[in-house]
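*Asks:* So I've got this file, model.cif, and it contains mmCIF, C-alpha atoms and all ligand atoms:
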data_model
#
loop_
_atom_site.label_atom_id
_atom_site.label_comp_id
_atom_site.auth_asym_id
_atom_site.auth_seq_id
_atom_site.Cartn_x
_atom_site.Cartn_y
_atom_site.Cartn_z
CA MET A 1273 -211.88 104.98 -186.11
CA PRO A 1274 -212.88 101.32 -185.97
CA THR A 1275 -212.96 99.85 -182.46
CA PRO A 1276 -210.00 97.55 -181.95
CA GLN A 1277 -210.97 93.88 -181.84
CA PRO A 1278 -210.30 92.09 -178.55
CA ARG A 1279 -207.34 89.76 -178.83
CA PRO A 1280 -208.05 86.11 -179.49
CA LEU A 1281 -207.63 83.68 -176.61
CA LEU A 1282 -204.65 81.37 -176.47
CA LEU A 1283 -205.61 78.25 -174.53
CA LEU A 1284 -202.58 76.57 -173.03
CA ASP A 1285 -202.11 72.96 -172.14
CA VAL A 1286 -199.14 72.30 -169.81
CA ASP A 1287 -198.14 68.65 -170.31
CA GLY A 1288 -197.02 68.37 -173.91
CA PRO A 1289 -196.67 71.99 -175.08
CA LEU A 1290 -194.81 73.46 -172.07
CA ASN A 1291 -193.60 70.24 -170.42
CA PRO A 1292 -192.37 67.86 -173.16
CA TYR A 1293 -192.95 64.87 -170.90
CA ALA A 1294 -192.65 62.33 -173.72
CA ALA A 1295 -189.05 63.21 -174.60
CA LYS A 1296 -186.61 60.41 -173.83
CA ALA A 1297 -186.24 60.24 -170.03
CA HIS A 1298 -182.52 60.91 -170.03
CA ARG A 1299 -182.53 63.50 -172.77
CA ARG A 1300 -183.93 66.72 -171.46
CA PRO A 1301 -184.61 68.98 -174.47
CA ARG A 1302 -182.22 71.89 -174.88
CA GLY A 1303 -183.15 75.09 -173.06
CA TYR A 1304 -185.29 73.28 -170.47
CA THR A 1305 -184.78 73.08 -166.71
CA THR A 1306 -185.96 70.23 -164.45
CA HIS A 1307 -188.48 70.67 -161.65
CA ARG A 1308 -190.18 68.29 -159.24
CA MET A 1309 -193.79 69.25 -158.60
CA LEU A 1310 -196.87 67.89 -156.88
CA PRO A 1311 -199.95 69.23 -158.69
CA GLY A 1312 -203.22 68.79 -156.80
CA ASP A 1313 -204.85 66.69 -159.52
CA TRP A 1314 -201.92 64.24 -159.47
CA VAL A 1315 -202.14 63.93 -155.67
CA ALA A 1316 -205.93 63.47 -155.79
CA ARG A 1317 -205.75 60.76 -158.46
CA HIS A 1318 -203.27 58.80 -156.38
CA ALA A 1319 -205.24 59.35 -153.18
CA ALA A 1320 -208.35 57.93 -154.91
CA ARG A 1321 -206.39 54.69 -155.37
CA GLY A 1322 -205.12 54.78 -151.79
CA GLU A 1323 -201.62 55.72 -152.98
CA ARG A 1324 -199.28 58.51 -152.12
CA ALA A 1325 -198.16 60.54 -155.15
CA ARG A 1326 -194.47 61.06 -155.76
CA PRO A 1327 -193.42 64.42 -157.21
CA LEU A 1328 -193.68 64.66 -160.98
CA ARG A 1329 -190.64 65.47 -163.07
CA VAL A 1330 -191.50 68.58 -165.07
CA TRP A 1331 -189.34 70.13 -167.77
CA LEU A 1332 -189.92 73.82 -168.46
CA ASN A 1333 -188.26 76.30 -170.79
CA PRO A 1334 -187.85 79.65 -168.98
CA ASP A 1335 -187.87 81.47 -172.37
CA HIS A 1336 -191.44 80.38 -173.04
CA GLY A 1337 -192.99 82.93 -170.70
CA ALA A 1338 -191.64 85.94 -172.60
CA ALA A 1339 -192.37 84.27 -175.93
CA LEU A 1340 -196.00 83.66 -174.93
CA LEU A 1341 -196.44 87.18 -173.58
CA GLY A 1342 -195.07 88.49 -176.88
CA LEU A 1343 -197.91 86.87 -178.81
CA PRO A 1344 -201.01 88.96 -179.61
CA TYR A 1345 -203.33 86.83 -177.47
CA GLU A 1346 -204.99 86.70 -174.07
CA LEU A 1347 -203.42 83.71 -172.38
CA VAL A 1348 -205.62 81.19 -170.57
CA TRP A 1349 -204.74 77.89 -168.86
CA ALA A 1350 -206.51 74.88 -170.36
CA THR A 1351 -204.81 72.13 -168.40
CA THR A 1352 -205.46 69.47 -165.76
CA TRP A 1353 -203.11 71.55 -163.61
CA MET A 1354 -205.90 74.14 -163.35
CA HIS A 1355 -204.99 76.66 -160.59
CA ASP A 1356 -201.71 74.86 -159.93
CA ALA A 1357 -200.59 76.19 -163.32
CA ASN A 1358 -200.65 79.67 -161.76
CA THR A 1359 -198.95 78.69 -158.52
CA LEU A 1360 -196.39 76.15 -159.81
CA ILE A 1361 -195.80 76.68 -163.56
CA ALA A 1362 -196.30 80.42 -164.15
CA PRO A 1363 -193.57 81.60 -161.69
CA GLN A 1364 -190.99 79.36 -163.40
CA LEU A 1365 -191.79 80.91 -166.77
CA GLY A 1366 -192.19 84.50 -165.62
CA LEU A 1367 -195.89 84.52 -166.47
CA PRO A 1368 -198.44 86.50 -164.44
CA GLY A 1369 -201.50 84.76 -162.99
CA LEU A 1370 -203.78 83.79 -165.87
CA PRO A 1371 -207.46 82.87 -166.12
CA VAL A 1372 -208.03 79.14 -165.62
CA ILE A 1373 -210.55 76.91 -167.34
CA GLU A 1374 -212.01 74.79 -164.54
CA TRP A 1375 -213.05 71.37 -165.80
CA PRO A 1376 -216.30 70.05 -164.35
CA ARG A 1377 -214.99 66.53 -165.14
CA MET A 1378 -211.73 65.17 -166.50
CA PHE A 1379 -210.56 62.18 -168.54
CA HIS A 1380 -214.10 61.00 -169.34
CA ASP A 1381 -215.26 59.63 -172.69
CA ASP A 1382 -217.38 62.09 -174.64
CA VAL A 1383 -220.47 60.82 -176.48
CA ASP A 1384 -219.28 62.49 -179.69
CA GLY A 1385 -215.87 60.82 -179.52
CA ILE A 1386 -214.07 64.12 -179.01
CA HIS A 1387 -211.38 64.90 -176.43
CA TRP A 1388 -212.76 65.31 -172.92
CA LYS A 1389 -211.70 68.99 -172.86
CA THR A 1390 -213.21 70.01 -176.18
CA ARG A 1391 -216.89 70.45 -175.34
CA HIS A 1392 -216.06 72.47 -172.25
CA VAL A 1393 -213.50 74.64 -174.09
CA VAL A 1394 -216.11 75.58 -176.67
CA ASP A 1395 -218.64 76.44 -173.93
CA TRP A 1396 -216.05 78.47 -172.07
CA ALA A 1397 -214.91 80.43 -175.13
CA ALA A 1398 -218.55 81.35 -175.87
CA GLY A 1399 -217.88 82.32 -179.48
CA ARG A 1400 -214.63 84.23 -178.91
CA PRO A 1401 -211.81 83.45 -181.35
CA PHE A 1402 -209.32 81.05 -179.84
CA ALA A 1403 -206.16 79.18 -180.65
CA TRP A 1404 -205.58 76.12 -178.52
CA VAL A 1405 -202.30 74.27 -178.09
CA ASP A 1406 -202.50 70.69 -176.85
CA ASP A 1407 -200.85 67.34 -177.54
CA GLU A 1408 -204.01 65.21 -177.40
CA PHE A 1409 -206.40 66.28 -180.15
CA GLY A 1410 -208.15 63.44 -181.91
CA GLU A 1411 -209.46 63.18 -185.46
CA ARG A 1412 -212.91 64.43 -184.54
CA ASP A 1413 -211.98 67.52 -182.56
CA PRO A 1414 -211.34 70.05 -185.37
CA GLY A 1415 -214.59 69.24 -187.20
CA TRP A 1416 -216.62 69.25 -184.00
CA VAL A 1417 -215.23 72.66 -183.02
CA ARG A 1418 -216.01 74.04 -186.50
CA GLU A 1419 -219.61 72.91 -186.11
CA HIS A 1420 -220.16 74.02 -182.52
CA HIS A 1421 -218.07 77.16 -182.07
CA ALA A 1422 -219.42 80.40 -183.52
CA GLY A 1423 -216.03 82.14 -183.89
CA PRO A 1424 -212.78 81.16 -185.57
CA ALA A 1425 -210.67 78.54 -183.84
CA LEU A 1426 -207.27 76.96 -184.36
CA LEU A 1427 -206.53 73.59 -182.79
CA HIS A 1428 -202.76 73.41 -182.94
CA HIS A 1429 -201.16 70.09 -182.09
CA VAL A 1430 -197.84 70.14 -180.26
CA ASP A 1431 -195.58 67.09 -180.12
CA PRO A 1432 -195.17 66.08 -176.43
CA ARG A 1433 -191.66 64.76 -177.19
CA VAL A 1434 -190.59 68.25 -178.28
CA GLY A 1435 -192.83 70.91 -176.70
CA LEU A 1436 -193.49 74.31 -178.23
CA THR A 1437 -191.02 75.25 -180.98
CA ASP A 1438 -190.24 78.47 -182.86
CA ARG A 1439 -192.38 77.11 -185.67
CA ASP A 1440 -195.37 76.78 -183.32
CA PHE A 1441 -194.90 80.38 -182.18
CA ASP A 1442 -194.80 81.48 -185.84
CA VAL A 1443 -198.02 79.61 -186.62
CA LEU A 1444 -199.75 81.21 -183.63
CA LYS A 1445 -198.53 84.70 -184.52
CA ASP A 1446 -199.61 84.26 -188.09
CA TRP A 1447 -203.07 82.98 -187.18
CA ALA A 1448 -203.69 85.89 -184.77
CA SER A 1449 -202.55 88.44 -187.36
CA HIS A 1450 -205.37 87.30 -189.63
CA ARG A 1451 -207.95 87.80 -186.87
CA MET A 1452 -207.08 91.41 -185.92
MG MG B 1501 -201.30 67.56 -172.64
#
Can you present the structure in this file as structure tokens?
Ligand SMILES: [Mg+2]

*Replies:*
Amino acid sequence: MPTPQPRPLLLLDVDGPLNPYAAKAHRRPRGYTTHRMLPGDWVARHAARGERARPLRVWLNPDHGAALLGLPYELVWATTWMHDANTLIAPQLGLPGLPVIEWPRMFHDDVDGIHWKTRHVVDWAAGRPFAWVDDEFGERDPGWVREHHAGPALLHHVDPRVGLTDRDFDVLKDWASHRM
């Protein structure tokens, strides 16, 4: 019997894929519920400017937890929310605590012109197959990942006005089925 392959990683951004923050302010997408949250990074960024952060409006779709758990992946947070994704976002979606990619730095310019997360994601994945959903990939990210990551990778862009759709779930399912 061949040994079963470990599941690929699914790296999850919060703002964009799970929270369609760019949808029109008065048109909450269907199926979503509204939350007010104070993630640590948001508070810290305001504090650095001597300001007090007001709670963020966050839209979440409670069906997304089950849909994500139904995918043949190991789920991982790849978001500026870091551990707050486990304490604030996961319970609203019915997700268990997930591993968190901890960014050594955030929002910086990268010398290769790639997204600030990309280099660290590739280091973190250490050659394991991964699909990554985010709303901020640039032109250079896919090529850079192909050159620097030893395993297969899918960088899947999600529209931050819409969030994850059935079509996105189909793409992710399909990609994983070709890796196992
Ligand atoms: Mg995002």

*Asks:* Which residue is closest to Val1348 (chain A)? Choose from A:Gly1322, A:Lys1445, A:Pro1334, A:Gly1369 and count all atoms listed in the file.

*Replies:*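 Under the stated criterion, the closest residue is A:Gly1369.
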
*Asks:* Please identify all polymer residues within 8 Å of Met1309 (chain A), counting only C-alpha atoms, omitting same-chain residues fewer than 6 positions from it, and present them as a PyMOL selection string.

*Replies:* chain A and resi 1327-1330+1360

*Asks:* Please produce a file of the residues just selected, as an mmCIF file, keeping the file's coordinate frame, where the atoms kept are C-alpha atoms.

*Replies:*
data_model
loop_
_atom_site.group_PDB
_atom_site.id
_atom_site.type_symbol
_atom_site.label_atom_id
_atom_site.label_comp_id
_atom_site.auth_asym_id
_atom_site.auth_seq_id
_atom_site.Cartn_x
_atom_site.Cartn_y
_atom_site.Cartn_z
ATOM 1 C CA PRO A 1327 -193.420 64.420 -157.210
ATOM 2 C CA LEU A 1328 -193.680 64.660 -160.980
ATOM 3 C CA ARG A 1329 -190.640 65.470 -163.070
ATOM 4 C CA VAL A 1330 -191.500 68.580 -165.070
ATOM 5 C CA LEU A 1360 -196.390 76.150 -159.810
#

*Asks:* Excluding Thr1306 (chain A) and residues on its chain fewer than 6 positions from it, collect all residues at most 12 Å away from it, counting all atoms listed in the file, and give them as a count of residues only.

*Replies:* 17

*Asks:* Separation of CA of Leu1281 (chain A) and CA of Pro1432 (chain A), in Å?

*Replies:*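 Spanning CA of Leu1281 (chain A) to CA of Pro1432 (chain A) is a straight-line distance of 21.6 Å.
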
*Asks:* Provide the CA of Asp1356 (chain A) to CA of Arg1439 (chain A) distance in Å, to one decimal place.

*Replies:*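 Taking CA of Asp1356 (chain A) and CA of Arg1439 (chain A), their separation equals 27.5 Å.
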
*Asks:* Ligand MG 1501 (chain B): which residues are within 9 Å, counting all atoms listed in the file? Reply as a list of chain:residue names.

*Replies:*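 Counting all atoms listed in the file, the residues within 9 Å of ligand MG 1501 (chain B) come out as A:Asp1285, A:Val1286, A:Asp1287, A:Gly1288, A:Pro1289, A:Leu1290, A:Asn1291, A:Pro1292, A:Tyr1293, A:Thr1351, A:Thr1352, A:Val1405, A:Asp1406, A:Asp1407, A:Glu1408, A:Val1430, A:Pro1432.
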
*Asks:* Taking all atoms of region 1299-1303 of chain A that appear in the file, build a box with edges along x, y and z, extend it by 5 Å on every side, and state its centre and edge lengths in Å to one decimal, as AutoDock Vina command-line options.

*Replies:*
--center_x -183.4 --center_y 69.3 --center_z -173.2 --size_x 12.4 --size_y 21.6 --size_z 13.4

*Asks:* I want to know what sits within 12 Å of Gly1399 (chain A), based on all atoms listed in the file, with residues of the same chain fewer than 6 positions away left out; could you give that as an mmCIF file with C-alpha atoms, in the frame of the given file?

*Replies:*
data_model
loop_
_atom_site.group_PDB
_atom_site.id
_atom_site.type_symbol
_atom_site.label_atom_id
_atom_site.label_comp_id
_atom_site.auth_asym_id
_atom_site.auth_seq_id
_atom_site.Cartn_x
_atom_site.Cartn_y
_atom_site.Cartn_z
ATOM 1 C CA PRO A 1280 -208.050 86.110 -179.490
ATOM 2 C CA LEU A 1281 -207.630 83.680 -176.610
ATOM 3 C CA VAL A 1393 -213.500 74.640 -174.090
ATOM 4 C CA VAL A 1417 -215.230 72.660 -183.020
ATOM 5 C CA ARG A 1418 -216.010 74.040 -186.500
ATOM 6 C CA GLU A 1419 -219.610 72.910 -186.110
ATOM 7 C CA HIS A 1420 -220.160 74.020 -182.520
ATOM 8 C CA HIS A 1421 -218.070 77.160 -182.070
ATOM 9 C CA ALA A 1422 -219.420 80.400 -183.520
ATOM 10 C CA GLY A 1423 -216.030 82.140 -183.890
ATOM 11 C CA PRO A 1424 -212.780 81.160 -185.570
ATOM 12 C CA ALA A 1425 -210.670 78.540 -183.840
#

*Asks:* Measuring atom to atom with all atoms listed in the file, identify which of A:His1336, A:His1307, A:Arg1400, A:Arg1324 is nearest to Asp1440 (chain A).

*Replies:*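 Of all the options, A:His1336 lies closest to Asp1440 (chain A).
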
*Asks:* Rounded to one decimal, what separation in Å do you get between CA of Ala1325 (chain A) and CA of Ala1294 (chain A)?

*Replies:*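 Going from CA of Ala1325 (chain A) over to CA of Ala1294 (chain A), I get 19.5 Å.
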